[in-house]
$ cat model.csv   # CSV, C-alpha atoms
chain,number,residue,atom,x,y,z
A,1,ASP,CA,-72.8,-23.0,49.0
A,2,ARG,CA,-69.5,-24.4,50.3
A,3,GLU,CA,-70.1,-27.9,48.9
A,4,GLN,CA,-70.6,-26.6,45.4
A,5,MET,CA,-67.4,-24.6,45.7
A,6,TYR,CA,-65.6,-27.7,46.9
A,7,TYR,CA,-66.4,-29.6,43.7
A,8,TYR,CA,-65.7,-26.5,41.6
A,9,MET,CA,-62.3,-26.2,43.1
A,10,ILE,CA,-61.5,-29.9,42.6
A,11,GLU,CA,-62.4,-29.5,38.9
A,12,GLY,CA,-60.1,-26.5,38.5
A,13,MET,CA,-57.3,-28.0,40.6
A,14,THR,CA,-57.4,-31.2,38.6
A,15,LYS,CA,-57.1,-29.3,35.3
A,16,LEU,CA,-54.2,-27.2,36.8
A,17,ALA,CA,-52.4,-30.3,38.1
A,18,SER,CA,-52.8,-32.2,34.9
A,19,LYS,CA,-51.4,-29.3,32.9
A,20,HIS,CA,-48.2,-29.3,35.1
A,21,GLY,CA,-47.7,-33.1,35.5
A,22,GLU,CA,-49.1,-33.1,39.0
A,23,ARG,CA,-52.2,-34.7,40.5
A,24,VAL,CA,-54.9,-33.9,43.0
A,25,LEU,CA,-54.8,-36.3,45.9
A,26,ASP,CA,-57.8,-38.5,46.5
A,27,THR,CA,-59.2,-37.5,49.9
A,28,ARG,CA,-62.8,-38.6,49.6
A,29,ARG,CA,-63.4,-38.5,53.4
A,30,ASN,CA,-62.2,-34.9,53.6
A,31,GLN,CA,-64.9,-32.5,52.2
A,32,ILE,CA,-63.0,-29.3,53.1
A,33,SER,CA,-59.4,-29.7,52.0
A,34,ILE,CA,-57.9,-30.4,48.6
A,35,ALA,CA,-54.3,-31.3,48.0
A,36,MET,CA,-52.1,-31.2,44.9
A,37,THR,CA,-48.6,-32.8,44.6
A,38,LEU,CA,-45.7,-30.5,43.9
A,39,GLY,CA,-43.1,-32.8,42.4
A,40,THR,CA,-42.5,-31.1,39.1
A,41,PHE,CA,-42.4,-27.7,40.8
A,42,ILE,CA,-39.7,-28.6,43.3
A,43,GLY,CA,-37.8,-31.5,41.8
A,44,GLU,CA,-35.8,-33.7,44.3
A,45,ASP,CA,-35.3,-30.9,46.9
A,46,ARG,CA,-38.5,-30.9,49.0
A,47,SER,CA,-37.2,-28.0,51.0
A,48,LYS,CA,-37.8,-25.7,48.0
A,49,ALA,CA,-41.5,-26.1,48.6
A,50,THR,CA,-41.3,-23.8,51.5
A,51,GLN,CA,-40.4,-21.0,49.0
A,52,LEU,CA,-43.8,-21.5,47.4
A,53,GLY,CA,-45.5,-21.3,50.8
A,54,GLY,CA,-43.7,-18.1,51.5
A,55,MET,CA,-44.8,-16.6,48.2
A,56,LEU,CA,-48.4,-17.4,48.9
A,57,PHE,CA,-48.2,-15.9,52.4
A,58,ALA,CA,-46.5,-12.8,51.1
A,59,ARG,CA,-49.4,-12.4,48.6
A,60,CYS,CA,-52.0,-12.7,51.4
A,61,VAL,CA,-53.3,-16.0,50.1
A,62,SER,CA,-55.1,-17.7,53.0
A,63,GLY,CA,-56.4,-21.3,53.4
A,64,THR,CA,-53.3,-22.9,51.8
A,65,ARG,CA,-50.3,-24.7,53.3
A,66,VAL,CA,-47.3,-26.5,51.8
A,67,VAL,CA,-46.5,-29.9,53.4
A,68,THR,CA,-42.9,-31.1,52.7
A,69,CYS,CA,-43.3,-34.4,54.7
A,70,ILE,CA,-39.6,-34.1,55.7
A,71,LYS,CA,-39.9,-32.2,59.0
A,72,ASN,CA,-39.8,-34.1,62.3
A,73,GLU,CA,-41.2,-32.4,65.4
A,74,THR,CA,-41.7,-33.2,69.0
A,75,VAL,CA,-44.9,-31.8,70.6
A,76,GLY,CA,-45.6,-32.5,74.3
A,77,GLY,CA,-43.1,-35.3,74.3
A,78,ILE,CA,-44.7,-37.0,71.3
A,79,SER,CA,-42.5,-37.3,68.1
A,80,PHE,CA,-44.1,-36.8,64.7
A,81,LYS,CA,-42.3,-37.9,61.5
A,82,GLY,CA,-43.3,-35.9,58.4
A,83,TYR,CA,-44.8,-33.2,60.7
A,84,GLY,CA,-47.8,-31.5,59.1
A,85,SER,CA,-48.8,-34.4,57.0
A,86,HIS,CA,-51.3,-37.1,57.9
A,87,HIS,CA,-48.9,-40.0,57.3
A,88,ASP,CA,-45.4,-40.6,58.8
A,89,GLN,CA,-43.8,-41.4,55.4
A,90,TYR,CA,-46.0,-39.8,52.8
A,91,PRO,CA,-43.9,-39.9,49.5
A,92,HIS,CA,-44.9,-36.5,48.0
A,93,THR,CA,-44.7,-32.9,48.9
A,94,TYR,CA,-48.0,-31.3,48.5
A,95,LEU,CA,-50.0,-28.0,48.6
A,96,ALA,CA,-53.3,-28.2,50.6
A,97,PHE,CA,-56.2,-25.8,50.0
A,98,ALA,CA,-59.1,-25.3,52.3
A,99,VAL,CA,-62.6,-24.6,50.9
A,100,ALA,CA,-64.1,-22.5,53.7
A,101,VAL,CA,-67.7,-21.6,54.5
A,102,GLY,CA,-68.6,-18.4,52.6
A,103,ILE,CA,-66.0,-18.9,49.8
A,104,ARG,CA,-67.2,-17.4,46.4
A,105,LYS,CA,-66.5,-18.6,42.9
A,106,SER,CA,-64.5,-15.5,42.2
A,107,GLU,CA,-62.1,-16.4,45.0
A,108,VAL,CA,-61.4,-19.8,43.7

$ encode --input "model.csv" --output "structure tokens"
Amino acid sequence: DREQMYYYMIEGMTKLASKHGERVLDTRRNQISIAMTLGTFIGEDRSKATQLGGMLFARCVSGTRVVTCIKNETVGGISFKGYGSHHDQYPHTYLAFAVAVGIRKSEV
């Protein structure tokens, strides 16, 4: 069941994040996506995070996205700061994972 996989993935991501000096973001109201900071992976240059996104894409990893929080974009005449994130000035680059319906433990 997807809810069990969500908590299983949070547990695994928390261990991974801790091992690398990162953290899993607290998103209690979002029961589908999990996000982990990428500070130690990219250092001060947030644009390096897009390389990670490219590597995941090249390996056919779905349900993930890298959010740099540095891109500004205008869509339909509306300007967005930190395009792709949920906050105009979020201080961390992060990797988001989706726990989709039908996901299996072996896929996590």

$ closest_residue --input "model.csv" --among "A:Val66, A:Val75, A:Ile103, A:Ile10" --to "Ser47 in chain A" --atoms "only C-alpha atoms"
A:Val66

$ closest_residue --input "model.csv" --among "A:Cys69, A:Met13, A:Cys60, A:Ile32" --to "His86 in chain A" --atoms "all atoms listed in the file"
A:Cys69

$ residues_around --input "model.csv" --residues "Thr40 in chain A" --least-positions-apart "2" --cutoff "9 Å" --atoms "all atoms listed in the file" --output "ChimeraX atom specification"
/A:20-22,37-38,42-44

$ atom_distance --input "model.csv" --atom1 "CA of Ser33 in chain A" --atom2 "CA of Gly76 in chain A"
26.4 Å

$ atom_distance --input "model.csv" --atom1 "CA of Ser106 in chain A" --atom2 "CA of Gly53 in chain A"
21.6 Å

$ closest_residue --input "model.csv" --among "A:Leu95, A:Thr27, A:Ala100, A:Met9" --to "Thr64 in chain A" --atoms "all atoms listed in the file"
A:Leu95

$ atom_distance --input "model.csv" --atom1 "CA of Thr50 in chain A" --atom2 "CA of Ile78 in chain A"
24.0 Å

$ closest_residue --input "model.csv" --among "A:Lys81, A:Asp88, A:Lys48, A:Val24" --to "Glu11 in chain A" --atoms "only C-alpha atoms"
A:Val24

$ residues_around --input "model.csv" --residues "Gly63 in chain A" --least-positions-apart "4" --cutoff "10 Å" --atoms "all atoms listed in the file" --output "ChimeraX atom specification"
/A:33,56-57,96-100

$ write_last_selection --input "model.csv" --atoms "C-alpha atoms" --output "PDB file, keeping the file's coordinate frame"
ATOM      1  CA  SER A  33     -59.400 -29.700  52.000  1.00  0.00           C
ATOM      2  CA  LEU A  56     -48.400 -17.400  48.900  1.00  0.00           C
ATOM      3  CA  PHE A  57     -48.200 -15.900  52.400  1.00  0.00           C
ATOM      4  CA  ALA A  96     -53.300 -28.200  50.600  1.00  0.00           C
ATOM      5  CA  PHE A  97     -56.200 -25.800  50.000  1.00  0.00           C
ATOM      6  CA  ALA A  98     -59.100 -25.300  52.300  1.00  0.00           C
ATOM      7  CA  VAL A  99     -62.600 -24.600  50.900  1.00  0.00           C
ATOM      8  CA  ALA A 100     -64.100 -22.500  53.700  1.00  0.00           C
TER       9      ALA A 100
END

$ closest_residue --input "model.csv" --among "A:Met36, A:Asn30, A:His87, A:Val67" --to "Leu16 in chain A" --atoms "all atoms listed in the file"
A:Met36

$ residues_around --input "model.csv" --residues "Ser85 in chain A" --least-positions-apart "5" --cutoff "12 Å" --atoms "all atoms listed in the file" --output "NGL selection string"
:A and (35 or 65-73 or 80 or 90-96)
